[in-house]
$ cat data_38.cif   # mmCIF, C-alpha atoms and all ligand atoms
data_entry
loop_
_atom_site.label_atom_id
_atom_site.label_comp_id
_atom_site.auth_asym_id
_atom_site.auth_seq_id
_atom_site.Cartn_x
_atom_site.Cartn_y
_atom_site.Cartn_z
CA MET A 1 85.41 154.70 58.98
CA ASP A 2 82.54 156.27 57.20
CA THR A 3 80.08 153.44 56.62
CA THR A 4 77.67 155.71 54.86
CA THR A 5 80.02 155.87 51.85
CA ASN A 6 78.38 154.46 48.75
CA LEU A 7 80.34 151.25 48.25
CA THR A 8 78.73 150.49 44.89
CA ASP A 9 80.79 153.28 43.36
CA PRO A 10 84.12 151.68 42.27
CA MET A 11 86.17 154.75 43.22
CA ASN A 12 84.64 154.94 46.67
CA LEU A 13 85.02 151.18 47.08
CA ALA A 14 88.71 151.17 46.19
CA GLU A 15 89.40 154.08 48.51
CA THR A 16 87.42 152.58 51.38
CA LEU A 17 89.08 149.19 51.06
CA GLN A 18 92.50 150.81 50.81
CA SER A 19 92.07 152.74 54.04
CA LEU A 20 90.45 149.70 55.71
CA ARG A 21 93.52 147.70 54.79
CA THR A 22 96.05 150.25 56.11
CA ASP A 23 94.03 150.97 59.18
CA SER A 24 93.39 147.28 60.03
CA VAL A 25 96.97 146.17 59.44
CA ALA A 26 98.19 148.88 61.79
CA ARG A 27 95.63 148.03 64.49
CA ILE A 28 96.26 144.28 64.18
CA GLY A 29 99.98 144.83 64.65
CA ALA A 30 99.24 146.85 67.78
CA ALA A 31 96.75 144.34 69.30
CA ALA A 32 98.05 143.55 72.77
CA ASP A 33 96.18 140.30 73.33
CA ILE A 34 94.03 137.74 71.57
CA GLU A 35 90.79 139.25 72.82
CA SER A 36 91.47 142.67 71.27
CA LEU A 37 92.78 140.96 68.12
CA ASP A 38 89.46 139.13 67.79
CA ALA A 39 87.57 142.42 68.17
CA ILE A 40 89.69 144.10 65.48
CA ALA A 41 89.23 141.13 63.12
CA ALA A 42 85.44 141.14 63.61
CA ALA A 43 85.26 144.87 62.91
CA ALA A 44 87.36 144.52 59.72
CA VAL A 45 86.11 141.32 58.11
CA GLY A 46 83.19 140.12 60.25
CA ARG A 47 79.50 140.08 59.48
CA GLU A 48 78.99 143.77 60.32
CA SER A 49 82.23 144.90 58.67
CA PRO A 50 82.84 147.17 55.64
CA ILE A 51 84.03 144.04 53.76
CA ALA A 52 80.66 142.35 54.34
CA ALA A 53 78.84 145.54 53.35
CA ALA A 54 80.92 145.78 50.19
CA ARG A 55 80.10 142.17 49.29
CA ARG A 56 76.42 142.83 49.79
CA GLY A 57 76.76 145.86 47.47
CA LEU A 58 78.22 143.77 44.62
CA GLY A 59 74.74 142.70 43.43
CA SER A 60 73.68 146.27 42.68
CA MET A 61 76.82 147.04 40.64
CA PRO A 62 76.93 147.11 36.92
CA PRO A 63 78.11 143.61 35.80
CA GLU A 64 81.26 144.93 34.07
CA GLU A 65 82.52 146.45 37.33
CA ARG A 66 81.40 143.62 39.52
CA ARG A 67 84.32 141.25 38.80
CA ASP A 68 87.10 143.70 39.56
CA ALA A 69 85.30 144.94 42.61
CA GLY A 70 84.81 141.35 43.85
CA ARG A 71 88.46 140.57 43.29
CA LEU A 72 89.56 143.67 45.19
CA ILE A 73 87.25 142.89 48.11
CA ASN A 74 88.61 139.33 48.31
CA GLU A 75 92.19 140.49 48.06
CA VAL A 76 91.80 142.98 50.92
CA ALA A 77 89.82 140.51 53.02
CA LYS A 78 92.48 137.81 52.53
CA GLU A 79 95.29 140.16 53.41
CA ILE A 80 93.54 141.28 56.60
CA GLU A 81 92.77 137.66 57.53
CA ALA A 82 96.38 136.60 56.92
CA THR A 83 97.63 139.50 59.04
CA VAL A 84 95.22 138.50 61.82
CA ALA A 85 96.43 134.87 61.62
CA ALA A 86 100.07 135.88 61.80
CA ARG A 87 99.47 138.23 64.73
CA ARG A 88 97.45 135.51 66.49
CA GLU A 89 100.42 133.15 66.29
CA GLU A 90 102.67 135.81 67.76
CA LEU A 91 100.26 136.53 70.61
CA VAL A 92 99.76 132.82 71.43
CA ALA A 93 103.53 132.35 71.55
CA GLN A 94 103.86 135.43 73.78
CA GLU A 95 101.17 134.30 76.19
CA ARG A 96 102.73 130.84 76.44
CA ALA A 97 106.15 132.34 77.13
CA VAL A 98 104.69 134.47 79.94
CA ALA A 99 102.93 131.41 81.43
CA ILE A 100 106.09 129.31 81.29
CA ALA A 101 108.14 132.05 82.88
CA GLY A 102 105.56 132.38 85.65
CA GLU A 103 105.62 128.69 86.48
CA ALA A 104 109.36 128.29 86.28
CA ILE A 105 111.13 126.77 89.30
CA ASP A 106 114.65 127.89 89.90
CA VAL A 107 116.34 124.67 90.94
CA THR A 108 119.53 126.53 91.65
CA VAL A 109 118.03 128.49 94.57
CA ASP A 110 119.94 127.64 97.77
CA TYR A 111 117.49 126.47 100.44
CA SER A 112 120.15 125.14 102.80
CA ARG A 113 119.82 128.09 105.13
CA LEU A 114 116.18 127.45 105.95
CA PRO A 115 115.92 126.49 109.63
CA ASN A 116 115.86 122.71 110.12
CA GLY A 117 113.69 120.94 112.65
CA ARG A 118 115.50 118.82 115.20
CA LEU A 119 114.87 116.28 117.90
CA HIS A 120 113.73 117.61 121.25
CA VAL A 121 116.47 117.52 123.86
CA ILE A 122 114.47 114.89 125.81
CA GLN A 123 114.32 112.65 122.75
CA GLN A 124 118.05 113.18 122.24
CA VAL A 125 118.79 112.02 125.79
CA LEU A 126 116.39 109.06 125.43
CA ASP A 127 118.15 107.99 122.25
CA GLU A 128 121.58 108.42 123.76
CA VAL A 129 120.80 106.34 126.86
CA CYS A 130 119.18 103.61 124.77
CA ASP A 131 122.20 103.59 122.45
CA ILE A 132 124.54 103.07 125.40
CA PHE A 133 122.55 100.06 126.59
CA VAL A 134 122.15 98.65 123.09
CA GLY A 135 125.96 98.84 122.97
CA LEU A 136 126.00 96.67 126.12
CA GLY A 137 123.78 94.06 124.46
CA TYR A 138 120.34 95.23 125.58
CA ARG A 139 117.21 95.34 123.45
CA ILE A 140 114.57 98.05 123.40
CA ALA A 141 111.14 97.06 124.74
CA GLU A 142 107.93 99.06 124.88
CA GLY A 143 104.61 98.89 126.66
CA PRO A 144 101.30 100.76 126.71
CA GLU A 145 100.87 104.11 128.47
CA ALA A 146 97.29 103.23 129.41
CA GLU A 147 98.05 100.32 131.69
CA LEU A 148 96.27 97.80 133.87
CA GLY A 149 96.66 98.22 137.63
CA TRP A 150 97.95 94.64 137.65
CA TYR A 151 101.09 95.48 135.63
CA ASN A 152 101.66 98.90 137.20
CA PHE A 153 101.35 97.60 140.79
CA ASP A 154 100.43 93.97 141.58
CA ALA A 155 102.83 92.17 139.29
CA LEU A 156 105.51 94.48 140.67
CA ASN A 157 104.87 93.30 144.24
CA THR A 158 103.14 96.55 145.23
CA PRO A 159 100.59 95.90 148.00
CA PRO A 160 97.00 97.20 147.75
CA ASP A 161 97.61 99.79 150.48
CA HIS A 162 100.71 101.30 148.87
CA PRO A 163 100.38 105.13 148.81
CA GLY A 164 101.15 105.21 145.07
CA ARG A 165 97.85 103.43 144.49
CA LEU A 166 95.83 106.34 145.83
CA GLU A 167 93.67 108.24 143.38
CA SER A 168 95.48 111.37 144.53
CA ASP A 169 98.82 110.05 143.26
CA THR A 170 98.07 108.09 140.11
CA MET A 171 95.99 109.14 137.11
CA TYR A 172 93.26 106.53 136.85
CA LEU A 173 91.19 105.86 133.76
CA ASP A 174 89.08 103.34 135.68
CA TYR A 175 89.28 103.39 139.46
CA GLY A 176 87.72 101.35 142.27
CA ASN A 177 87.60 97.74 141.23
CA PRO A 178 91.08 96.27 141.86
CA GLU A 179 90.32 93.51 139.34
CA ASP A 180 90.29 95.74 136.30
CA GLU A 181 91.81 99.05 137.27
CA MET A 182 93.07 101.08 134.33
CA LEU A 183 95.48 103.95 134.71
CA LEU A 184 98.12 106.01 132.98
CA ARG A 185 101.26 104.16 134.01
CA ALA A 186 103.04 105.84 136.91
CA HIS A 187 106.42 104.48 135.83
CA THR A 188 107.91 102.41 133.00
CA SER A 189 108.40 99.44 135.34
CA PRO A 190 105.25 97.61 134.11
CA VAL A 191 107.16 96.93 130.87
CA GLN A 192 109.36 94.60 132.97
CA ALA A 193 106.36 92.45 133.87
CA ARG A 194 104.86 92.51 130.39
CA TYR A 195 108.16 91.57 128.78
CA MET A 196 108.92 88.70 131.16
CA GLU A 197 105.39 87.36 130.77
CA ALA A 198 105.91 87.16 126.99
CA HIS A 199 109.58 86.07 126.84
CA GLU A 200 111.65 83.33 128.39
CA PRO A 201 114.90 84.31 130.16
CA PRO A 202 117.56 85.51 129.56
CA VAL A 203 116.25 89.10 129.36
CA TYR A 204 118.29 92.21 128.73
CA ILE A 205 116.02 95.15 127.93
CA VAL A 206 115.66 98.88 128.32
CA ALA A 207 112.17 100.38 128.06
CA PRO A 208 111.98 104.10 127.26
CA GLY A 209 108.69 105.99 127.43
CA LYS A 210 106.27 108.35 129.11
CA ALA A 211 105.04 108.10 132.69
CA TYR A 212 102.18 109.98 134.38
CA ARG A 213 101.63 111.18 137.93
CA ASN A 214 99.10 113.41 139.57
CA ASP A 215 101.77 115.98 140.41
CA THR A 216 101.53 119.75 140.38
CA VAL A 217 104.01 121.39 138.04
CA ASP A 218 107.01 122.90 139.79
CA ALA A 219 110.72 123.23 139.01
CA THR A 220 111.29 119.47 139.27
CA HIS A 221 107.86 117.90 138.55
CA LEU A 222 105.70 117.47 135.49
CA PRO A 223 102.57 115.30 135.43
CA VAL A 224 103.86 113.75 132.19
CA PHE A 225 107.54 112.87 132.06
CA HIS A 226 109.90 110.26 130.66
CA GLN A 227 111.65 107.29 132.16
CA ILE A 228 113.96 104.57 131.00
CA GLU A 229 113.53 101.22 132.66
CA GLY A 230 116.20 98.55 132.60
CA LEU A 231 115.95 94.83 133.31
CA ALA A 232 118.50 92.04 133.19
CA VAL A 233 117.47 88.48 134.07
CA ASP A 234 119.73 85.48 133.68
CA GLU A 235 121.00 82.45 135.55
CA SER A 236 123.43 84.09 137.93
CA ILE A 237 123.10 87.86 137.86
CA THR A 238 124.55 89.51 140.96
CA PHE A 239 124.49 92.90 142.63
CA SER A 240 128.03 93.44 141.27
CA ASP A 241 126.65 93.11 137.75
CA LEU A 242 124.11 95.82 138.58
CA LYS A 243 126.73 98.17 139.95
CA GLY A 244 129.21 97.47 137.15
CA THR A 245 126.55 98.00 134.46
CA LEU A 246 125.36 101.30 135.93
CA ALA A 247 128.94 102.49 136.49
CA GLU A 248 129.66 101.81 132.82
CA PHE A 249 126.50 103.67 131.82
CA ALA A 250 127.49 106.64 134.03
CA ARG A 251 130.96 106.80 132.49
CA GLN A 252 129.58 106.75 128.97
CA PHE A 253 126.87 109.30 129.70
CA PHE A 254 128.66 111.73 132.07
CA GLY A 255 132.32 111.17 131.20
CA PRO A 256 135.07 108.57 131.76
CA ASP A 257 136.08 109.88 135.21
CA THR A 258 132.59 109.51 136.69
CA HIS A 259 132.25 107.42 139.88
CA VAL A 260 129.08 105.91 141.28
CA ARG A 261 127.88 105.12 144.78
CA MET A 262 124.82 103.32 146.03
CA ARG A 263 122.62 104.15 149.00
CA PRO A 264 120.11 101.69 150.46
CA HIS A 265 116.54 102.46 149.51
CA PHE A 266 113.18 100.72 149.17
CA PHE A 267 111.19 99.75 146.10
CA PRO A 268 108.49 97.06 146.24
CA PHE A 269 109.80 95.25 143.18
CA THR A 270 113.48 95.01 144.11
CA GLU A 271 115.26 93.49 147.12
CA PRO A 272 117.72 94.80 148.04
CA SER A 273 117.00 98.22 146.53
CA ALA A 274 119.30 101.19 146.13
CA GLU A 275 119.57 104.66 144.80
CA LEU A 276 122.51 105.37 142.57
CA ASP A 277 124.44 108.62 142.78
CA VAL A 278 127.05 109.74 140.27
CA SER A 279 130.02 111.94 141.18
CA CYS A 280 129.47 115.54 140.12
CA PHE A 281 130.90 115.95 136.64
CA ASN A 282 131.20 119.68 137.19
CA CYS A 283 133.33 119.88 140.36
CA ASP A 284 134.18 116.21 140.96
CA GLY A 285 133.12 116.59 144.56
CA GLY A 286 135.55 119.35 145.37
CA GLU A 287 133.69 122.64 145.42
CA SER A 288 131.22 123.92 147.96
CA SER A 289 130.04 126.56 145.48
CA CYS A 290 129.35 124.13 142.61
CA ARG A 291 126.11 125.12 140.89
CA VAL A 292 125.44 121.54 139.70
CA CYS A 293 125.71 119.55 142.98
CA ARG A 294 125.59 122.52 145.37
CA GLY A 295 128.69 121.25 147.13
CA VAL A 296 127.34 117.75 147.80
CA GLY A 297 129.74 116.21 145.28
CA TRP A 298 127.15 113.60 144.23
CA LEU A 299 124.11 113.70 141.99
CA GLU A 300 121.11 111.50 142.70
CA MET A 301 120.51 109.61 139.50
CA LEU A 302 118.18 106.60 139.59
CA GLY A 303 116.53 103.78 141.50
CA CYS A 304 117.63 100.17 141.17
CA GLY A 305 117.91 96.81 142.86
CA MET A 306 117.77 93.05 142.53
CA VAL A 307 114.47 91.83 141.13
CA ASP A 308 112.26 90.63 143.99
CA PRO A 309 111.46 86.87 143.68
CA ALA A 310 107.76 87.78 144.07
CA VAL A 311 107.97 89.61 140.70
CA PHE A 312 109.42 86.49 139.04
CA THR A 313 106.58 84.43 140.46
CA ALA A 314 103.96 86.94 139.27
CA VAL A 315 105.18 86.74 135.67
CA GLY A 316 105.59 82.94 135.65
CA TYR A 317 109.38 82.70 136.07
CA ASP A 318 110.95 80.22 138.51
CA PRO A 319 112.57 82.42 141.22
CA ASP A 320 114.97 79.59 142.06
CA ALA A 321 116.23 79.36 138.48
CA VAL A 322 116.99 83.00 137.68
CA THR A 323 118.16 86.23 139.29
CA GLY A 324 118.13 89.71 137.89
CA PHE A 325 118.51 93.41 138.44
CA ALA A 326 116.35 96.34 137.44
CA PHE A 327 116.72 100.09 137.35
CA GLY A 328 114.63 103.10 136.41
CA MET A 329 115.75 106.63 135.63
CA GLY A 330 114.02 109.91 134.89
CA VAL A 331 115.03 111.33 131.53
CA GLU A 332 114.18 114.94 132.37
CA ARG A 333 116.38 114.66 135.45
CA LEU A 334 119.27 113.27 133.35
CA ALA A 335 118.92 116.12 130.88
CA MET A 336 118.70 118.76 133.62
CA VAL A 337 121.82 117.50 135.37
CA ARG A 338 123.77 117.04 132.15
CA HIS A 339 122.94 120.50 130.76
CA GLY A 340 122.56 122.49 133.98
CA ILE A 341 118.86 123.23 133.33
CA ASP A 342 117.23 124.86 136.34
CA SER A 343 113.55 124.08 135.70
CA ILE A 344 111.85 121.04 134.22
CA ARG A 345 109.24 123.42 132.78
CA HIS A 346 111.65 124.48 130.03
CA PHE A 347 111.14 121.09 128.37
CA VAL A 348 107.46 121.76 127.74
CA ASP A 349 107.43 125.54 127.23
CA ASN A 350 108.36 125.05 123.57
CA ASP A 351 110.48 128.19 123.50
CA VAL A 352 112.82 127.89 120.51
CA ARG A 353 115.40 130.03 122.30
CA PHE A 354 115.68 127.16 124.79
CA LEU A 355 115.34 124.31 122.28
CA ASP A 356 117.88 125.84 119.88
CA GLN A 357 120.56 125.35 122.53
CA PHE A 358 120.42 121.59 121.91
CA PRO A 359 121.19 121.13 118.23
CA GLY A 360 121.94 117.45 118.80
N1 LIG B 401 109.83 102.74 139.07
C1 LIG B 401 110.63 103.53 139.97
C2 LIG B 401 110.08 104.95 140.02
O1 LIG B 401 109.37 105.33 139.16
C3 LIG B 401 112.05 103.56 139.52
C4 LIG B 401 112.71 102.24 139.70
C5 LIG B 401 113.35 101.93 140.88
C6 LIG B 401 112.68 101.30 138.68
C7 LIG B 401 113.96 100.73 141.06
C8 LIG B 401 113.29 100.08 138.85
C9 LIG B 401 113.94 99.79 140.06
O2 LIG B 401 113.30 99.14 137.92
O3 LIG B 401 114.54 98.61 140.23
O4 LIG B 401 110.40 105.65 140.95
#
$ encode --input "data_38.cif" --output "structure tokens"
Amino acid sequence: MDTTTNLTDPMNLAETLQSLRTDSVARIGAAADIESLDAIAAAAVGRESPIAAARRGLGSMPPEERRDAGRLINEVAKEIEATVAARREELVAQERAVAIAGEAIDVTVDYSRLPNGRLHVIQQVLDEVCDIFVGLGYRIAEGPEAELGWYNFDALNTPPDHPGRLESDTMYLDYGNPEDEMLLRAHTSPVQARYMEAHEPPVYIVAPGKAYRNDTVDATHLPVFHQIEGLAVDESITFSDLKGTLAEFARQFFGPDTHVRMRPHFFPFTEPSAELDVSCFNCDGGESSCRVCRGVGWLEMLGCGMVDPAVFTAVGYDPDAVTGFAFGMGVERLAMVRHGIDSIRHFVDNDVRFLDQFPG
């Protein structure tokens, strides 16, 4: 717009305002956002605008023209302002609509095919074994992984010169003074001692958890692994109860046709002690080429025995009043046998292609 036009001339003024009006209304309608709308409004009716200039020129007009000119200026200014206000409302509504659309959440989207996490196969086996014993009336007990030498060895009738007590076998946190040795428990058996110390008989518990040994990793050893300990103490528990309980466990875990056999063994905390084998669930003892038992027909499963009276004495029980049995099994071993897994390392490699095979 030509701002040099003499706006005190009524003809010029009318023409200028007319084209300002048409021009502004068109530009306001085309303003794409509030910022450009503000710029257009300032240029049309702001302090530096032709409207302001025209108002300033009113004073130098002849009085008889001044009123009409003033009215015209106001009329045009009002119309432009009203158009700006209307366009502003439109733009605000538009911007809000865009914002709402951008933040919208489609609650109908189907997320069910996202991959779910699941329990590790070792946890699954732990849970399953515990469930079987809970079904037989046992309770779950737990103990610390950082354990005193007393509970890991002495209370369990393990003499000071037992090879398991060597620093080369057990992971010690504090080694040397037999009075307050601290170690990472080498088995879950110390939970037996802790539980009996804190509870009166009868006792029927299983204790699942981690155990630690200074072993080099190979196909069947990990320095951190899992065990489930079992302990039953009551007035007249016999070796038959031990065998019957473990046979029932084997049938529930490996299948109803599973048989068990016991071989004499030695553990410091049980007398007599045994190792329990289960009949091979794959070939039932019939096939020399069986990949599970390699033709032996039996699978070595766990250690067990009748609680040694010395253990009862150590925890404050009267060895003449109660008898009991105990057993301890390796969870990784159970899982390997059950699923035909050839290396214990798979459990800690965290390869989803392995883990996905155990959906639980
Ligand atoms: N604690 C033994 C181990 O780690 C397993 C074991 C054997 C536990 C006999 C028992 C038992 O309770 O009676 O090799």
$ residues_around --input "data_38.cif" --residues "Leu20 in chain A" --least-positions-apart "6" --cutoff "12 Å" --atoms "only C-alpha atoms" --output "CSV table (one decimal) with C-alpha atoms, in the frame of the given file"
chain,number,residue,atom,x,y,z
A,1,MET,CA,85.4,154.7,59.0
A,2,ASP,CA,82.5,156.3,57.2
A,3,THR,CA,80.1,153.4,56.6
A,12,ASN,CA,84.6,154.9,46.7
A,13,LEU,CA,85.0,151.2,47.1
A,14,ALA,CA,88.7,151.2,46.2
A,26,ALA,CA,98.2,148.9,61.8
A,27,ARG,CA,95.6,148.0,64.5
A,28,ILE,CA,96.3,144.3,64.2
A,40,ILE,CA,89.7,144.1,65.5
A,41,ALA,CA,89.2,141.1,63.1
A,43,ALA,CA,85.3,144.9,62.9
A,44,ALA,CA,87.4,144.5,59.7
A,45,VAL,CA,86.1,141.3,58.1
A,49,SER,CA,82.2,144.9,58.7
A,50,PRO,CA,82.8,147.2,55.6
A,51,ILE,CA,84.0,144.0,53.8
A,54,ALA,CA,80.9,145.8,50.2
A,73,ILE,CA,87.2,142.9,48.1
A,76,VAL,CA,91.8,143.0,50.9
A,77,ALA,CA,89.8,140.5,53.0
A,79,GLU,CA,95.3,140.2,53.4
A,80,ILE,CA,93.5,141.3,56.6
$ closest_residue --input "data_38.cif" --among "A:Pro272, A:Gly102, A:Pro319, A:Pro309" --to "ligand LIG 401 (chain B)" --atoms "all atoms listed in the file"
A:Pro272
$ closest_atom_pairs --input "data_38.cif" --of "chain A" --to "ligand LIG 401 (chain B)" --cutoff "6 Å" --atoms "all atoms listed in the file" --output "Markdown table"
| residue | atom | partner | partner_atom | distance |
| --- | --- | --- | --- | --- |
| A:His187 | CA | B:LIG401 | O1 | 4.5 |
| A:Ser189 | CA | B:LIG401 | N1 | 5.2 |
| A:Glu229 | CA | B:LIG401 | O2 | 5.7 |
| A:Phe267 | CA | B:LIG401 | C7 | 5.8 |
| A:Thr270 | CA | B:LIG401 | O3 | 5.4 |
| A:Gly303 | CA | B:LIG401 | C5 | 3.7 |
| A:Cys304 | CA | B:LIG401 | O3 | 3.6 |
| A:Gly305 | CA | B:LIG401 | O3 | 4.6 |
| A:Ala326 | CA | B:LIG401 | O3 | 4.0 |
| A:Phe327 | CA | B:LIG401 | O2 | 3.6 |
| A:Gly328 | CA | B:LIG401 | C6 | 3.5 |
$ residues_near_point --input "data_38.cif" --point "(115.8, 84.7, 137.1)" --cutoff "12 Å" --atoms "all atoms listed in the file" --output "PyMOL selection string"
chain A and resi 196+200-204+231-238+306-313+315-326
$ write_last_selection --input "data_38.cif" --atoms "C-alpha atoms" --output "PDB file, in the frame of the given file"
ATOM      1  CA  MET A 196     108.920  88.700 131.160  1.00  0.00           C
ATOM      2  CA  GLU A 200     111.650  83.330 128.390  1.00  0.00           C
ATOM      3  CA  PRO A 201     114.900  84.310 130.160  1.00  0.00           C
ATOM      4  CA  PRO A 202     117.560  85.510 129.560  1.00  0.00           C
ATOM      5  CA  VAL A 203     116.250  89.100 129.360  1.00  0.00           C
ATOM      6  CA  TYR A 204     118.290  92.210 128.730  1.00  0.00           C
ATOM      7  CA  LEU A 231     115.950  94.830 133.310  1.00  0.00           C
ATOM      8  CA  ALA A 232     118.500  92.040 133.190  1.00  0.00           C
ATOM      9  CA  VAL A 233     117.470  88.480 134.070  1.00  0.00           C
ATOM     10  CA  ASP A 234     119.730  85.480 133.680  1.00  0.00           C
ATOM     11  CA  GLU A 235     121.000  82.450 135.550  1.00  0.00           C
ATOM     12  CA  SER A 236     123.430  84.090 137.930  1.00  0.00           C
ATOM     13  CA  ILE A 237     123.100  87.860 137.860  1.00  0.00           C
ATOM     14  CA  THR A 238     124.550  89.510 140.960  1.00  0.00           C
ATOM     15  CA  MET A 306     117.770  93.050 142.530  1.00  0.00           C
ATOM     16  CA  VAL A 307     114.470  91.830 141.130  1.00  0.00           C
ATOM     17  CA  ASP A 308     112.260  90.630 143.990  1.00  0.00           C
ATOM     18  CA  PRO A 309     111.460  86.870 143.680  1.00  0.00           C
ATOM     19  CA  ALA A 310     107.760  87.780 144.070  1.00  0.00           C
ATOM     20  CA  VAL A 311     107.970  89.610 140.700  1.00  0.00           C
ATOM     21  CA  PHE A 312     109.420  86.490 139.040  1.00  0.00           C
ATOM     22  CA  THR A 313     106.580  84.430 140.460  1.00  0.00           C
ATOM     23  CA  VAL A 315     105.180  86.740 135.670  1.00  0.00           C
ATOM     24  CA  GLY A 316     105.590  82.940 135.650  1.00  0.00           C
ATOM     25  CA  TYR A 317     109.380  82.700 136.070  1.00  0.00           C
ATOM     26  CA  ASP A 318     110.950  80.220 138.510  1.00  0.00           C
ATOM     27  CA  PRO A 319     112.570  82.420 141.220  1.00  0.00           C
ATOM     28  CA  ASP A 320     114.970  79.590 142.060  1.00  0.00           C
ATOM     29  CA  ALA A 321     116.230  79.360 138.480  1.00  0.00           C
ATOM     30  CA  VAL A 322     116.990  83.000 137.680  1.00  0.00           C
ATOM     31  CA  THR A 323     118.160  86.230 139.290  1.00  0.00           C
ATOM     32  CA  GLY A 324     118.130  89.710 137.890  1.00  0.00           C
ATOM     33  CA  PHE A 325     118.510  93.410 138.440  1.00  0.00           C
ATOM     34  CA  ALA A 326     116.350  96.340 137.440  1.00  0.00           C
TER      35      ALA A 326
END
$ atom_distance --input "data_38.cif" --atom1 "CA of Gly330 in chain A" --atom2 "CA of Met301 in chain A"
8.0 Å
$ atom_distance --input "data_38.cif" --atom1 "CA of Ala52 in chain A" --atom2 "CA of Asp68 in chain A"
16.2 Å
$ closest_residue --input "data_38.cif" --among "A:Val296, A:Val352, A:Val25, A:Ile228" --to "Glu128 in chain A" --atoms "all atoms listed in the file"
A:Ile228
$ closest_atom_pairs --input "data_38.cif" --of "range 200-219 of chain A" --to "range 146-170 of chain A" --cutoff "12 Å" --atoms "only C-alpha atoms" --output "JSON lines"
{"residue": "A:Gly209", "atom": "CA", "partner": "A:Ala146", "partner_atom": "CA", "distance": 11.9}
{"residue": "A:Lys210", "atom": "CA", "partner": "A:Ala146", "partner_atom": "CA", "distance": 10.3}
{"residue": "A:Ala211", "atom": "CA", "partner": "A:Ala146", "partner_atom": "CA", "distance": 9.7}
{"residue": "A:Tyr212", "atom": "CA", "partner": "A:Thr170", "partner_atom": "CA", "distance": 7.3}
{"residue": "A:Arg213", "atom": "CA", "partner": "A:Thr170", "partner_atom": "CA", "distance": 5.2}
{"residue": "A:Asn214", "atom": "CA", "partner": "A:Asp169", "partner_atom": "CA", "distance": 5.0}
{"residue": "A:Asp215", "atom": "CA", "partner": "A:Asp169", "partner_atom": "CA", "distance": 7.2}
{"residue": "A:Thr216", "atom": "CA", "partner": "A:Asp169", "partner_atom": "CA", "distance": 10.5}
$ atom_distance --input "data_38.cif" --atom1 "CA of Gly29 in chain A" --atom2 "CA of Arg71 in chain A"
24.6 Å
$ residues_around --input "data_38.cif" --residues "His259 in chain A" --least-positions-apart "4" --cutoff "8 Å" --atoms "only C-alpha atoms" --output "list of chain:residue names"
A:Ala247, A:Ala250, A:Arg251, A:Val278, A:Ser279
$ write_last_selection --input "data_38.cif" --atoms "C-alpha atoms" --output "short mmCIF file (atom, residue, chain, number, x, y, z; two decimals), keeping the file's coordinate frame"
data_model
loop_
_atom_site.label_atom_id
_atom_site.label_comp_id
_atom_site.auth_asym_id
_atom_site.auth_seq_id
_atom_site.Cartn_x
_atom_site.Cartn_y
_atom_site.Cartn_z
CA ALA A 247 128.94 102.49 136.49
CA ALA A 250 127.49 106.64 134.03
CA ARG A 251 130.96 106.80 132.49
CA VAL A 278 127.05 109.74 140.27
CA SER A 279 130.02 111.94 141.18
#
$ closest_residue --input "data_38.cif" --among "A:Ala99, A:Leu119, A:Ala39, A:Ala69" --to "Leu7 in chain A" --atoms "all atoms listed in the file"
A:Ala69
$ closest_residue --input "data_38.cif" --among "A:His221, A:Arg113, A:Arg194, A:Arg263" --to "Glu142 in chain A" --atoms "all atoms listed in the file"
A:Arg194
$ closest_residue --input "data_38.cif" --among "A:Val121, A:Cys280, A:Leu242, A:Cys293" --to "Gly255 in chain A" --atoms "all atoms listed in the file"
A:Cys280
$ axis_aligned_box --input "data_38.cif" --around "range 245-251 of chain A" --padding-each-side "6 Å" --output "AutoDock Vina command-line options"
--center_x 128.2 --center_y 102.4 --center_z 134.2 --size_x 17.6 --size_y 20.8 --size_z 16.7
$ closest_residue --input "data_38.cif" --among "A:Glu145, A:Glu103, A:Asp33, A:Asp356" --to "Pro190 in chain A" --atoms "only C-alpha atoms"
A:Glu145
$ residues_around --input "data_38.cif" --residues "Val331 in chain A" --least-positions-apart "3" --cutoff "7 Å" --atoms "all atoms listed in the file" --output "PyMOL selection string"
chain A and resi 122+125-126+226-228+334-335
$ build_atoms --input "data_38.cif" --residues "range 348-352 of chain A" --atoms "N, CA, C and O atoms" --output "short mmCIF file (atom, residue, chain, number, x, y, z; two decimals), in the frame of the given file"
data_model
loop_
_atom_site.label_atom_id
_atom_site.label_comp_id
_atom_site.auth_asym_id
_atom_site.auth_seq_id
_atom_site.Cartn_x
_atom_site.Cartn_y
_atom_site.Cartn_z
N VAL A 348 108.80 121.74 128.34
CA VAL A 348 107.46 121.76 127.74
C VAL A 348 106.99 123.16 127.35
O VAL A 348 105.90 123.32 126.81
N ASP A 349 107.83 124.18 127.61
CA ASP A 349 107.43 125.54 127.23
C ASP A 349 107.47 125.75 125.73
O ASP A 349 106.83 126.65 125.21
N ASN A 350 108.24 124.93 125.02
CA ASN A 350 108.36 125.05 123.57
C ASN A 350 108.89 126.40 123.12
O ASN A 350 108.44 126.95 122.12
N ASP A 351 109.84 126.92 123.87
CA ASP A 351 110.48 128.19 123.50
C ASP A 351 111.71 127.84 122.66
O ASP A 351 112.64 127.19 123.16
N VAL A 352 111.69 128.28 121.39
CA VAL A 352 112.82 127.89 120.51
C VAL A 352 114.15 128.42 121.01
O VAL A 352 115.19 127.84 120.72
#
